[in-house]
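Containing mmCIF, C-alpha atoms: structure-v3.cif.
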```cif
data_upload
loop_
_atom_site.label_atom_id
_atom_site.label_comp_id
_atom_site.auth_asym_id
_atom_site.auth_seq_id
_atom_site.Cartn_x
_atom_site.Cartn_y
_atom_site.Cartn_z
CA MET A 1413 21.91 13.91 23.01
CA GLU A 1414 21.83 10.44 21.49
CA LEU A 1415 18.66 9.41 19.67
CA SER A 1416 16.86 6.21 20.56
CA ARG A 1417 18.03 2.92 19.06
CA ARG A 1418 14.46 2.52 17.84
CA VAL A 1419 14.52 5.56 15.56
CA GLN A 1420 18.08 4.88 14.45
CA ALA A 1421 17.02 1.40 13.28
CA ILE A 1422 14.53 2.72 10.73
CA LYS A 1423 14.72 5.01 7.71
CA GLU A 1424 12.61 7.77 6.23
CA SER A 1425 9.88 6.56 3.90
CA PRO A 1426 11.69 6.31 0.52
CA THR A 1427 8.57 7.12 -1.50
CA LEU A 1428 7.99 10.32 0.46
CA ALA A 1429 11.68 11.20 0.16
CA VAL A 1430 11.65 10.76 -3.63
CA THR A 1431 8.50 12.84 -3.93
CA ALA A 1432 9.99 15.59 -1.75
CA ARG A 1433 13.23 15.67 -3.77
CA ALA A 1434 11.32 15.83 -7.06
CA ALA A 1435 9.25 18.74 -5.71
CA LYS A 1436 12.41 20.55 -4.58
CA LEU A 1437 14.08 20.21 -7.99
CA LYS A 1438 10.89 21.35 -9.69
CA ALA A 1439 10.75 24.42 -7.43
CA GLU A 1440 14.33 25.19 -8.46
CA GLY A 1441 13.22 25.36 -12.09
CA ARG A 1442 14.13 21.85 -13.26
CA ASP A 1443 11.81 20.11 -15.73
CA ILE A 1444 10.84 17.20 -13.46
CA ILE A 1445 8.15 14.54 -13.91
CA GLY A 1446 7.49 12.94 -10.53
CA LEU A 1447 6.28 9.34 -10.75
CA GLY A 1448 6.88 8.54 -7.09
CA ALA A 1449 3.68 9.65 -5.38
CA GLY A 1450 1.21 6.93 -4.46
CA GLU A 1451 -1.95 8.95 -4.63
CA PRO A 1452 -4.70 9.37 -7.24
CA ASP A 1453 -4.48 12.50 -9.38
CA PHE A 1454 -8.23 13.04 -9.10
CA ASP A 1455 -10.11 15.38 -6.80
CA THR A 1456 -12.14 14.01 -3.90
CA PRO A 1457 -15.73 13.50 -5.18
CA GLN A 1458 -17.96 16.50 -4.59
CA HIS A 1459 -20.53 14.80 -2.35
CA ILE A 1460 -17.74 13.84 0.06
CA LYS A 1461 -16.41 17.39 0.19
CA ASP A 1462 -19.96 18.70 0.70
CA ALA A 1463 -20.43 16.40 3.70
CA ALA A 1464 -17.22 17.77 5.24
CA LYS A 1465 -18.28 21.38 4.64
CA LYS A 1466 -21.64 20.68 6.25
CA ALA A 1467 -19.91 19.12 9.26
CA ILE A 1468 -17.85 22.31 9.71
CA ASP A 1469 -20.91 24.53 9.37
CA ASN A 1470 -22.73 22.38 11.92
CA GLY A 1471 -19.89 22.77 14.40
CA PHE A 1472 -18.80 19.13 14.30
CA THR A 1473 -15.28 20.14 15.31
CA LYS A 1474 -14.84 18.65 18.78
CA TYR A 1475 -13.31 15.47 20.15
CA THR A 1476 -14.98 12.24 19.09
CA PRO A 1477 -14.71 8.70 20.48
CA VAL A 1478 -11.12 7.48 20.05
CA ALA A 1479 -12.03 4.53 17.84
CA GLY A 1480 -14.31 6.53 15.54
CA ILE A 1481 -17.77 8.09 15.43
CA PRO A 1482 -20.68 5.62 15.55
CA GLY A 1483 -21.93 6.63 12.09
CA LEU A 1484 -18.60 5.89 10.42
CA LYS A 1485 -18.08 2.64 12.33
CA ASN A 1486 -21.55 1.49 11.28
CA ALA A 1487 -20.75 2.47 7.67
CA ILE A 1488 -17.58 0.34 7.86
CA VAL A 1489 -19.52 -2.62 9.27
CA ALA A 1490 -22.01 -2.24 6.40
CA LYS A 1491 -19.19 -1.94 3.84
CA PHE A 1492 -17.59 -5.19 5.01
CA LYS A 1493 -20.93 -7.00 4.75
CA ARG A 1494 -21.83 -5.48 1.35
CA ASP A 1495 -18.48 -5.74 -0.39
CA ASN A 1496 -16.76 -8.65 1.32
CA GLY A 1497 -19.41 -10.79 3.01
CA PHE A 1498 -17.85 -10.27 6.46
CA GLU A 1499 -19.86 -9.95 9.65
CA TYR A 1500 -18.37 -7.55 12.19
CA THR A 1501 -19.79 -5.55 15.09
CA ALA A 1502 -18.86 -1.94 15.84
CA LYS A 1503 -16.67 -3.19 18.73
CA GLU A 1504 -14.60 -5.12 16.21
CA VAL A 1505 -13.84 -2.00 14.14
CA ILE A 1506 -11.45 0.90 14.70
CA VAL A 1507 -10.88 4.07 12.68
CA GLY A 1508 -7.33 5.40 12.52
CA VAL A 1509 -5.45 8.42 11.24
CA GLY A 1510 -4.80 6.74 7.89
CA GLY A 1511 -4.18 3.10 7.12
CA LYS A 1512 -0.57 3.48 8.24
CA GLN A 1513 -1.59 4.26 11.82
CA CYS A 1514 -3.84 1.19 11.91
CA ILE A 1515 -0.91 -1.02 10.86
CA PHE A 1516 1.36 0.74 13.36
CA ASN A 1517 -1.14 0.26 16.18
CA LEU A 1518 -1.66 -3.39 15.25
CA ALA A 1519 2.09 -4.05 15.37
CA LEU A 1520 2.46 -2.36 18.76
CA ALA A 1521 -0.60 -4.20 20.07
CA VAL A 1522 0.47 -7.76 19.19
CA LEU A 1523 4.25 -7.86 18.78
CA ASN A 1524 6.86 -8.41 21.47
CA PRO A 1525 10.66 -8.14 21.19
CA GLY A 1526 12.01 -11.01 19.10
CA ASP A 1527 8.68 -11.92 17.47
CA GLU A 1528 8.96 -12.56 13.75
CA VAL A 1529 6.83 -10.90 11.06
CA ILE A 1530 6.70 -12.56 7.64
CA VAL A 1531 6.77 -9.93 4.90
CA PRO A 1532 6.67 -11.03 1.23
CA ALA A 1533 8.89 -8.84 -0.97
CA PRO A 1534 8.37 -6.63 -2.87
CA TYR A 1535 6.55 -5.03 0.06
CA TRP A 1536 5.06 -1.67 0.94
CA VAL A 1537 7.95 0.38 2.33
CA SER A 1538 6.65 0.71 5.90
CA TYR A 1539 5.91 -2.91 6.83
CA ALA A 1540 9.47 -3.83 7.79
CA ASP A 1541 10.20 -0.58 9.61
CA ILE A 1542 6.96 -0.72 11.58
CA ALA A 1543 7.90 -4.24 12.73
CA ILE A 1544 11.32 -2.93 13.78
CA VAL A 1545 9.77 -0.10 15.80
CA ALA A 1546 7.75 -2.77 17.64
CA GLU A 1547 11.10 -4.52 18.33
CA ALA A 1548 10.08 -7.47 16.17
CA VAL A 1549 12.12 -9.10 13.40
CA PRO A 1550 10.90 -8.72 9.80
CA VAL A 1551 11.42 -11.98 7.90
CA ILE A 1552 11.62 -10.98 4.23
CA VAL A 1553 10.55 -13.60 1.68
CA ASN A 1554 11.68 -12.77 -1.86
CA CYS A 1555 8.97 -13.17 -4.48
CA GLY A 1556 10.32 -12.07 -7.85
CA ILE A 1557 8.75 -11.32 -11.20
CA GLU A 1558 9.09 -14.97 -12.24
CA GLN A 1559 6.39 -15.89 -9.68
CA GLY A 1560 4.23 -12.86 -10.29
CA PHE A 1561 5.51 -11.12 -7.14
CA LYS A 1562 3.41 -13.45 -4.95
CA ILE A 1563 4.48 -15.68 -2.08
CA THR A 1564 4.00 -19.43 -2.61
CA PRO A 1565 2.62 -21.85 0.00
CA ALA A 1566 6.04 -23.57 0.12
CA GLN A 1567 7.78 -20.26 0.84
CA LEU A 1568 5.27 -19.42 3.58
CA GLU A 1569 5.65 -22.86 5.17
CA THR A 1570 9.44 -22.50 5.18
CA ALA A 1571 9.32 -19.01 6.70
CA ILE A 1572 7.10 -19.95 9.66
CA THR A 1573 8.95 -20.71 12.89
CA PRO A 1574 7.87 -20.96 16.54
CA LYS A 1575 8.75 -17.23 16.79
CA THR A 1576 6.43 -16.19 13.95
CA LYS A 1577 3.71 -13.91 15.27
CA LEU A 1578 2.33 -12.14 12.21
CA PHE A 1579 2.00 -12.67 8.47
CA MET A 1580 1.46 -9.55 6.32
CA ILE A 1581 -0.31 -9.91 2.98
CA ASN A 1582 -1.12 -7.01 0.64
CA SER A 1583 -3.38 -7.55 -2.36
CA PRO A 1584 -3.61 -5.61 -4.64
CA SER A 1585 0.02 -4.92 -3.88
CA ASN A 1586 1.95 -1.74 -3.49
CA PRO A 1587 4.41 -1.64 -5.30
CA THR A 1588 3.66 -4.35 -7.88
CA GLY A 1589 -0.09 -4.34 -8.38
CA ALA A 1590 -0.07 -8.13 -7.92
CA VAL A 1591 -3.43 -9.63 -6.94
CA TYR A 1592 -3.84 -13.07 -5.37
CA THR A 1593 -6.52 -15.35 -6.80
CA LEU A 1594 -8.98 -17.17 -4.59
CA ALA A 1595 -7.16 -20.46 -5.23
CA GLU A 1596 -3.79 -18.92 -4.31
CA LEU A 1597 -5.23 -17.53 -1.09
CA GLN A 1598 -6.86 -20.85 -0.24
CA ALA A 1599 -3.48 -22.56 -0.63
CA LEU A 1600 -1.85 -20.04 1.71
CA GLY A 1601 -4.76 -20.45 4.11
CA GLU A 1602 -4.18 -24.19 4.29
CA ILE A 1603 -0.63 -23.53 5.49
CA LEU A 1604 -1.79 -20.98 8.05
CA LYS A 1605 -4.42 -23.37 9.42
CA LYS A 1606 -1.58 -25.68 10.44
CA HIS A 1607 0.06 -22.90 12.50
CA PRO A 1608 -2.53 -21.44 14.89
CA HIS A 1609 0.06 -19.22 16.64
CA VAL A 1610 0.36 -17.00 13.53
CA LEU A 1611 -1.81 -13.90 13.23
CA VAL A 1612 -2.70 -12.62 9.75
CA ALA A 1613 -2.93 -8.99 8.62
CA THR A 1614 -4.47 -8.41 5.20
CA ASP A 1615 -3.90 -4.91 3.83
CA ASP A 1616 -6.68 -4.25 1.33
CA MET A 1617 -6.11 -0.52 0.79
CA TYR A 1618 -6.25 -0.91 -3.00
CA GLU A 1619 -9.33 -3.15 -2.99
CA HIS A 1620 -11.35 -0.86 -5.25
CA VAL A 1621 -8.50 0.08 -7.60
CA ASN A 1622 -9.30 -2.98 -9.67
CA LEU A 1623 -7.62 -3.11 -13.09
CA SER A 1624 -8.76 -6.57 -14.20
CA GLY A 1625 -12.47 -6.47 -13.40
CA THR A 1626 -12.15 -9.73 -11.47
CA LYS A 1627 -14.09 -9.76 -8.19
CA PHE A 1628 -11.90 -8.80 -5.23
CA VAL A 1629 -11.20 -11.47 -2.62
CA ASN A 1630 -8.91 -11.53 0.38
CA ILE A 1631 -7.59 -14.34 2.55
CA LEU A 1632 -10.68 -14.34 4.80
CA ASN A 1633 -12.89 -15.00 1.78
CA ALA A 1634 -10.63 -17.93 0.94
CA THR A 1635 -10.22 -19.28 4.48
CA PRO A 1636 -13.01 -18.04 6.80
CA GLU A 1637 -11.59 -20.22 9.58
CA LEU A 1638 -8.87 -17.60 10.09
CA LYS A 1639 -11.31 -14.92 11.25
CA ASP A 1640 -10.45 -15.23 14.95
CA ARG A 1641 -6.78 -14.41 14.18
CA CYS A 1642 -7.05 -12.10 11.19
CA VAL A 1643 -7.12 -8.30 11.05
CA VAL A 1644 -8.49 -6.70 7.87
CA LEU A 1645 -6.97 -3.29 7.09
CA ASN A 1646 -8.41 -0.76 4.66
CA GLY A 1647 -9.18 2.93 4.19
CA VAL A 1648 -10.66 5.60 1.97
CA SER A 1649 -7.42 7.12 0.65
CA LYS A 1650 -7.07 5.32 -2.68
CA ALA A 1651 -10.62 4.43 -3.70
CA TYR A 1652 -12.05 7.91 -3.11
CA SER A 1653 -8.91 10.01 -3.71
CA MET A 1654 -8.81 11.03 -0.04
CA THR A 1655 -5.12 10.61 0.79
CA GLY A 1656 -4.88 13.89 2.71
CA TRP A 1657 -8.02 13.27 4.76
CA ARG A 1658 -6.12 10.57 6.71
CA ILE A 1659 -8.77 7.97 7.42
CA GLY A 1660 -7.97 4.26 7.61
CA TYR A 1661 -9.78 1.49 9.40
CA ALA A 1662 -9.36 -2.05 10.65
CA ALA A 1663 -11.59 -4.91 11.72
CA GLY A 1664 -10.67 -7.99 13.68
CA PRO A 1665 -10.92 -9.81 17.01
CA GLU A 1666 -12.38 -7.53 19.66
CA ASN A 1667 -9.45 -7.87 22.08
CA ILE A 1668 -6.94 -6.81 19.41
CA ILE A 1669 -9.10 -3.90 18.26
CA LYS A 1670 -9.48 -2.75 21.88
CA ALA A 1671 -5.71 -2.90 22.36
CA MET A 1672 -5.26 -0.77 19.22
CA GLU A 1673 -7.78 1.71 20.64
CA ILE A 1674 -5.84 1.98 23.91
CA LEU A 1675 -2.66 2.75 21.97
CA GLN A 1676 -4.47 5.32 19.86
CA SER A 1677 -5.89 6.97 22.98
CA GLN A 1678 -2.32 7.66 24.09
CA SER A 1679 -1.07 8.90 20.71
CA THR A 1680 -3.37 10.79 18.34
CA SER A 1681 -6.65 10.19 20.15
CA ASN A 1682 -9.52 10.39 17.64
CA PRO A 1683 -9.06 10.87 13.89
CA THR A 1684 -10.13 14.31 12.65
CA SER A 1685 -13.85 14.76 13.24
CA ILE A 1686 -14.52 16.35 9.84
CA SER A 1687 -12.57 13.68 7.96
CA GLN A 1688 -14.64 11.00 9.67
CA VAL A 1689 -17.86 12.56 8.39
CA ALA A 1690 -16.35 12.73 4.89
CA ALA A 1691 -15.31 9.07 5.08
CA GLN A 1692 -18.81 8.08 6.15
CA ALA A 1693 -20.21 9.89 3.12
CA ALA A 1694 -17.71 8.08 0.91
CA LEU A 1695 -18.66 4.62 2.17
CA GLU A 1696 -22.41 5.26 2.22
CA GLY A 1697 -22.67 7.27 -0.99
CA ASN A 1698 -23.00 6.24 -4.63
CA GLN A 1699 -19.97 4.09 -5.46
CA ALA A 1700 -20.17 5.05 -9.13
CA CYS A 1701 -17.84 7.94 -8.30
CA ILE A 1702 -14.96 5.42 -8.44
CA GLU A 1703 -15.59 4.44 -12.08
CA PRO A 1704 -14.07 7.43 -13.95
CA MET A 1705 -10.87 7.00 -11.98
CA LEU A 1706 -10.75 3.27 -12.70
CA LYS A 1707 -11.31 3.85 -16.41
CA ALA A 1708 -8.33 6.21 -16.52
CA PHE A 1709 -6.11 3.88 -14.49
CA ARG A 1710 -6.88 0.93 -16.76
CA GLU A 1711 -5.96 2.93 -19.86
CA ARG A 1712 -2.74 4.17 -18.29
CA HIS A 1713 -1.83 0.71 -17.04
CA GLU A 1714 -2.17 -0.79 -20.50
CA PHE A 1715 -0.02 1.98 -21.94
CA VAL A 1716 2.84 1.84 -19.42
CA VAL A 1717 3.14 -1.97 -19.44
CA ARG A 1718 3.29 -2.04 -23.25
CA ARG A 1719 5.74 0.87 -23.37
CA PHE A 1720 8.07 -0.54 -20.73
CA ASN A 1721 8.25 -3.86 -22.57
CA GLU A 1722 9.33 -1.98 -25.71
CA ILE A 1723 12.34 -0.48 -23.91
CA PRO A 1724 15.53 -2.59 -24.12
CA GLY A 1725 16.64 -3.91 -20.73
CA LEU A 1726 13.24 -3.63 -19.05
CA LYS A 1727 10.57 -6.25 -18.42
CA CYS A 1728 7.15 -5.45 -16.98
CA ILE A 1729 4.17 -7.70 -16.24
CA SER A 1730 0.54 -6.63 -16.06
CA ALA A 1731 -0.93 -5.72 -12.71
CA GLY A 1732 -4.30 -6.77 -11.34
CA GLY A 1733 -4.85 -3.70 -9.20
CA ALA A 1734 -3.45 -0.47 -7.71
CA PHE A 1735 -1.84 2.19 -9.92
CA TYR A 1736 1.79 1.14 -10.10
CA ALA A 1737 4.12 -0.51 -12.59
CA PHE A 1738 7.17 -2.37 -11.29
CA PRO A 1739 9.54 -3.14 -14.16
CA ASP A 1740 12.50 -5.50 -13.83
CA ALA A 1741 15.55 -3.40 -14.75
CA HIS A 1742 18.40 -5.86 -14.08
CA GLU A 1743 19.51 -5.92 -17.74
CA ALA A 1744 19.33 -2.15 -18.12
CA ILE A 1745 21.31 -1.62 -14.90
CA ALA A 1746 24.03 -4.07 -16.00
CA LYS A 1747 24.33 -2.35 -19.38
CA LEU A 1748 24.55 1.16 -17.93
CA TYR A 1749 27.14 0.04 -15.39
CA LYS A 1750 29.22 -1.70 -18.05
CA GLU A 1751 29.13 1.47 -20.16
CA GLY A 1752 30.25 3.56 -17.18
CA LYS A 1753 27.06 5.63 -17.12
CA ILE A 1754 26.24 4.76 -13.51
CA PRO A 1755 28.80 4.38 -10.69
CA GLN A 1756 27.24 1.25 -9.13
CA GLY A 1757 25.30 -1.60 -10.67
CA ASN A 1758 22.16 -1.20 -8.60
CA ASP A 1759 18.69 0.33 -8.75
CA MET A 1760 19.65 3.30 -6.56
CA ALA A 1761 22.21 4.35 -9.17
CA LEU A 1762 19.65 3.81 -11.94
CA SER A 1763 17.07 6.00 -10.17
CA GLU A 1764 19.65 8.72 -9.65
CA TYR A 1765 20.66 8.48 -13.32
CA LEU A 1766 17.07 8.78 -14.52
CA LEU A 1767 16.43 11.79 -12.28
CA GLU A 1768 19.61 13.64 -13.26
CA LYS A 1769 19.67 12.73 -16.97
CA THR A 1770 15.98 12.73 -17.82
CA GLY A 1771 14.22 14.58 -15.01
CA VAL A 1772 12.02 11.57 -14.23
CA ALA A 1773 11.66 10.63 -10.56
CA VAL A 1774 11.08 6.92 -9.88
CA VAL A 1775 11.39 4.88 -6.68
CA PRO A 1776 14.16 2.25 -6.60
CA GLY A 1777 12.98 -1.31 -6.03
CA SER A 1778 15.34 -1.77 -3.08
CA ALA A 1779 13.04 0.56 -1.12
CA PHE A 1780 10.48 -2.24 -1.39
CA GLY A 1781 12.94 -5.05 -0.67
CA ALA A 1782 13.47 -5.82 -4.37
CA GLU A 1783 16.87 -4.78 -5.74
CA GLY A 1784 17.03 -4.39 -9.52
CA TYR A 1785 13.50 -3.06 -10.06
CA PHE A 1786 11.89 0.37 -9.87
CA ARG A 1787 8.37 1.61 -9.26
CA ILE A 1788 6.40 4.25 -11.07
CA SER A 1789 2.96 5.48 -10.19
CA PHE A 1790 0.65 6.00 -13.15
CA ALA A 1791 -1.61 8.19 -11.05
CA THR A 1792 -0.72 11.08 -13.34
CA SER A 1793 -1.83 12.29 -16.76
CA MET A 1794 -1.26 10.36 -19.99
CA ASP A 1795 0.75 13.34 -21.28
CA ASN A 1796 3.10 13.05 -18.30
CA LEU A 1797 3.38 9.28 -18.76
CA ARG A 1798 4.13 9.53 -22.49
CA ASN A 1799 6.74 12.19 -21.87
CA ALA A 1800 8.33 10.33 -18.94
CA LEU A 1801 8.53 6.97 -20.71
CA ASP A 1802 9.94 8.59 -23.85
CA ARG A 1803 12.67 10.13 -21.69
CA ILE A 1804 13.39 6.79 -19.98
CA ALA A 1805 13.49 5.02 -23.35
CA ALA A 1806 15.99 7.55 -24.69
CA ALA A 1807 18.18 7.26 -21.59
CA LEU A 1808 18.27 3.47 -21.79
CA SER A 1809 18.70 3.14 -25.57
#
```

Any chance you could put this one into structure tokens?
Amino acid sequence: MELSRRVQAIKESPTLAVTARAAKLKAEGRDIIGLGAGEPDFDTPQHIKDAAKKAIDNGFTKYTPVAGIPGLKNAIVAKFKRDNGFEYTAKEVIVGVGGKQCIFNLALAVLNPGDEVIVPAPYWVSYADIAIVAEAVPVIVNCGIEQGFKITPAQLETAITPKTKLFMINSPSNPTGAVYTLAELQALGEILKKHPHVLVATDDMYEHVNLSGTKFVNILNATPELKDRCVVLNGVSKAYSMTGWRIGYAAGPENIIKAMEILQSQSTSNPTSISQVAAQAALEGNQACIEPMLKAFRERHEFVVRRFNEIPGLKCISAGGAFYAFPDAHEAIAKLYKEGKIPQGNDMALSEYLLEKTGVAVVPGSAFGAEGYFRISFATSMDNLRNALDRIAAALS
């Protein structure tokens, strides 16, 4: 039985594959430090867990409205007003089974075969494959370390064609931690204003993982005129260490949100009832619970950037948000290849070398559309980070 062309056109999530392989080697007794997982190493705050337990005890275990329970949708509306200055109604909000499902539903709701989706690279691993599943064409725009991993207005202007349907922007970025300034977003907004056929999706999942202390802004803050063709995507996974609870959400034009709801009604139906109650508690509760996690991430970020820049052949710039470092390893790769230590001069060979020689699992940059780099997550202990970077330094010396 031949599989569909659709599934054959995409690949398994590389970050999940790296994490799974690291776990397998560890289970076999290997001394492995996994730096692939994109999830906080903190427990979900107690008041959120308590809300979930209470929901179970109260029997809140049945079907809910497909697009989310009213309490959570109202909490999301209030969050957008409080944190971002956006005015939405409950009909303009949908709750999904994680942020990934919201992006998936958006793509299926607005894209037709042959439509183009502009994706700045490095990009989160699923953007391009989700576009392909929707039979659209991902248009990858390379944005290297020399430009801070951010797309320029000139690059955006050049990438837009009559077939462009959607522009994806992710700030803070996974995998780079790059954060767009208000001025940079305004400049991109000026380009988009000239092309009213282009929808905008802003993925703000790492909004609260703020390493710089600078106030978060997204493209709607910079260019409010885009509201009638912009979908704002977010979730509770990163800010509240709730990756396994699987709650994401989106806000945007009512007709697009309704289309996403129809799709969801034919796939997962409602997100888990108990997780929705927990997410409501997260959004409505004391936001100070985020601070200890941020303090740790800022300390780790400072350490890994400094340490990477001390290792010959690597170059790493500071991030503005998220919990990743994305060093440029072109020089290190060329050296290892010249010395015959890796069979090919690419980041896949480097990642394999680091895993086999040092027991450190990293994600190759090519998984994010950026050959010659690699990503680590510093959502792990300082002891693990010191040990891992010492091993990498020794392997690249």

Selected by the PyMOL selection byres ((chain A and resi 1686) around 7) in the shown coordinates: which residues, as a list in words?
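On this input, the PyMOL selection byres ((chain A and resi 1686) around 7) captures Ala1464, Ala1467, Ile1468, Phe1472, Thr1473, Thr1684, Ser1685, Ser1687, Gln1688, Val1689 and Ala1690 of chain A.
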
Would you pick out the contacts of Leu1645 of chain A at 8 Å or less, using all atoms listed in the file, so that residues sharing its chain but fewer than 3 positions from it are not included, and give the list as a JSON list (two decimals) with C-alpha atoms, in the frame of the given file?
```json
[["chain", "number", "residue", "atom", "x", "y", "z"],
["A", 1511, "GLY", "CA", -4.18, 3.10, 7.12],
["A", 1514, "CYS", "CA", -3.84, 1.19, 11.91],
["A", 1515, "ILE", "CA", -0.91, -1.02, 10.86],
["A", 1613, "ALA", "CA", -2.93, -8.99, 8.62],
["A", 1614, "THR", "CA", -4.47, -8.41, 5.20],
["A", 1615, "ASP", "CA", -3.90, -4.91, 3.83],
["A", 1616, "ASP", "CA", -6.68, -4.25, 1.33],
["A", 1617, "MET", "CA", -6.11, -0.52, 0.79],
["A", 1660, "GLY", "CA", -7.97, 4.26, 7.61],
["A", 1661, "TYR", "CA", -9.78, 1.49, 9.40],
["A", 1662, "ALA", "CA", -9.36, -2.05, 10.65],
["A", 1663, "ALA", "CA", -11.59, -4.91, 11.72]]
```

Let me know the residues the PyMOL selection byres ((chain A and resi 1608) around 12) catches in the file above, as a count of residues only.
24

Could you list the residues chosen by the PyMOL selection byres ((chain A and resi 1583-1590) around 8) in this structure as JSON, numbers by chain?
{"A": [1534, 1535, 1536, 1560, 1561, 1562, 1581, 1582, 1591, 1592, 1614, 1615, 1616, 1617, 1618, 1619, 1630, 1731, 1732, 1733, 1734, 1735, 1736, 1737, 1738, 1780, 1787]}

Write a file of the just-selected residues containing C-alpha atoms, as a compact mmCIF listing (two decimals), keeping the file's coordinate frame.
```txt
# COMPACT_ATOMS: atom_id res chain seq x y z
CA PRO A 1534 8.37 -6.63 -2.87
CA TYR A 1535 6.55 -5.03 0.06
CA TRP A 1536 5.06 -1.67 0.94
CA GLY A 1560 4.23 -12.86 -10.29
CA PHE A 1561 5.51 -11.12 -7.14
CA LYS A 1562 3.41 -13.45 -4.95
CA ILE A 1581 -0.31 -9.91 2.98
CA ASN A 1582 -1.12 -7.01 0.64
CA VAL A 1591 -3.43 -9.63 -6.94
CA TYR A 1592 -3.84 -13.07 -5.37
CA THR A 1614 -4.47 -8.41 5.20
CA ASP A 1615 -3.90 -4.91 3.83
CA ASP A 1616 -6.68 -4.25 1.33
CA MET A 1617 -6.11 -0.52 0.79
CA TYR A 1618 -6.25 -0.91 -3.00
CA GLU A 1619 -9.33 -3.15 -2.99
CA ASN A 1630 -8.91 -11.53 0.38
CA ALA A 1731 -0.93 -5.72 -12.71
CA GLY A 1732 -4.30 -6.77 -11.34
CA GLY A 1733 -4.85 -3.70 -9.20
CA ALA A 1734 -3.45 -0.47 -7.71
CA PHE A 1735 -1.84 2.19 -9.92
CA TYR A 1736 1.79 1.14 -10.10
CA ALA A 1737 4.12 -0.51 -12.59
CA PHE A 1738 7.17 -2.37 -11.29
CA PHE A 1780 10.48 -2.24 -1.39
CA ARG A 1787 8.37 1.61 -9.26
```

Each residue of segment 1559-1676 of chain A with at least one atom at most 10 Å from segment 1701-1709 of chain A should appear once, together with its nearest atom pair and the corresponding distance in Å (one decimal); atoms considered: only C-alpha atoms; ordering: chain, then increasing residue number; output as a Markdown table.
```
| residue | atom | partner | partner_atom | distance |
| --- | --- | --- | --- | --- |
| A:His1620 | CA | A:Ile1702 | CA | 7.9 |
| A:Val1621 | CA | A:Leu1706 | CA | 6.4 |
| A:Asn1622 | CA | A:Leu1706 | CA | 7.1 |
| A:Leu1623 | CA | A:Leu1706 | CA | 7.1 |
| A:Gly1625 | CA | A:Leu1706 | CA | 9.9 |
| A:Lys1650 | CA | A:Ile1702 | CA | 9.8 |
| A:Ala1651 | CA | A:Ile1702 | CA | 6.5 |
| A:Tyr1652 | CA | A:Ile1702 | CA | 6.6 |
| A:Ser1653 | CA | A:Ile1702 | CA | 8.9 |
```

If I only have part of segment 1556-1565 of chain A, can you fill in N, CA, C and O atoms and write it as a PDB file, in the frame of the given file?
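As written to disk, result-v7.pdb reads:
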```pdb
ATOM      1  N   GLY A1556       9.960 -12.832  -6.670  1.00  0.00           N
ATOM      2  CA  GLY A1556      10.320 -12.070  -7.850  1.00  0.00           C
ATOM      3  C   GLY A1556       9.291 -12.102  -8.955  1.00  0.00           C
ATOM      4  O   GLY A1556       8.219 -12.714  -8.843  1.00  0.00           O
ATOM      5  N   ILE A1557       9.651 -11.450 -10.059  1.00  0.00           N
ATOM      6  CA  ILE A1557       8.750 -11.320 -11.200  1.00  0.00           C
ATOM      7  C   ILE A1557       8.391 -12.679 -11.787  1.00  0.00           C
ATOM      8  O   ILE A1557       7.293 -12.879 -12.319  1.00  0.00           O
ATOM      9  N   GLU A1558       9.320 -13.646 -11.666  1.00  0.00           N
ATOM     10  CA  GLU A1558       9.090 -14.970 -12.240  1.00  0.00           C
ATOM     11  C   GLU A1558       7.940 -15.705 -11.558  1.00  0.00           C
ATOM     12  O   GLU A1558       7.371 -16.637 -12.125  1.00  0.00           O
ATOM     13  N   GLN A1559       7.545 -15.289 -10.363  1.00  0.00           N
ATOM     14  CA  GLN A1559       6.390 -15.890  -9.680  1.00  0.00           C
ATOM     15  C   GLN A1559       5.281 -14.875  -9.471  1.00  0.00           C
ATOM     16  O   GLN A1559       4.438 -15.026  -8.592  1.00  0.00           O
ATOM     17  N   GLY A1560       5.300 -13.852 -10.327  1.00  0.00           N
ATOM     18  CA  GLY A1560       4.230 -12.860 -10.290  1.00  0.00           C
ATOM     19  C   GLY A1560       4.235 -12.001  -9.045  1.00  0.00           C
ATOM     20  O   GLY A1560       3.207 -11.423  -8.688  1.00  0.00           O
ATOM     21  N   PHE A1561       5.371 -11.917  -8.359  1.00  0.00           N
ATOM     22  CA  PHE A1561       5.510 -11.120  -7.140  1.00  0.00           C
ATOM     23  C   PHE A1561       4.612 -11.616  -6.008  1.00  0.00           C
ATOM     24  O   PHE A1561       4.209 -10.829  -5.145  1.00  0.00           O
ATOM     25  N   LYS A1562       4.300 -12.906  -5.974  1.00  0.00           N
ATOM     26  CA  LYS A1562       3.410 -13.450  -4.950  1.00  0.00           C
ATOM     27  C   LYS A1562       4.085 -14.594  -4.201  1.00  0.00           C
ATOM     28  O   LYS A1562       4.745 -15.435  -4.813  1.00  0.00           O
ATOM     29  N   ILE A1563       3.903 -14.630  -2.899  1.00  0.00           N
ATOM     30  CA  ILE A1563       4.480 -15.680  -2.080  1.00  0.00           C
ATOM     31  C   ILE A1563       3.788 -17.008  -2.361  1.00  0.00           C
ATOM     32  O   ILE A1563       2.562 -17.054  -2.579  1.00  0.00           O
ATOM     33  N   THR A1564       4.553 -18.093  -2.372  1.00  0.00           N
ATOM     34  CA  THR A1564       4.000 -19.430  -2.610  1.00  0.00           C
ATOM     35  C   THR A1564       3.735 -20.110  -1.263  1.00  0.00           C
ATOM     36  O   THR A1564       4.348 -19.756  -0.242  1.00  0.00           O
ATOM     37  N   PRO A1565       2.846 -21.103  -1.238  1.00  0.00           N
ATOM     38  CA  PRO A1565       2.620 -21.850   0.000  1.00  0.00           C
ATOM     39  C   PRO A1565       3.915 -22.459   0.550  1.00  0.00           C
ATOM     40  O   PRO A1565       4.130 -22.459   1.772  1.00  0.00           O
TER      41      PRO A1565
END
```
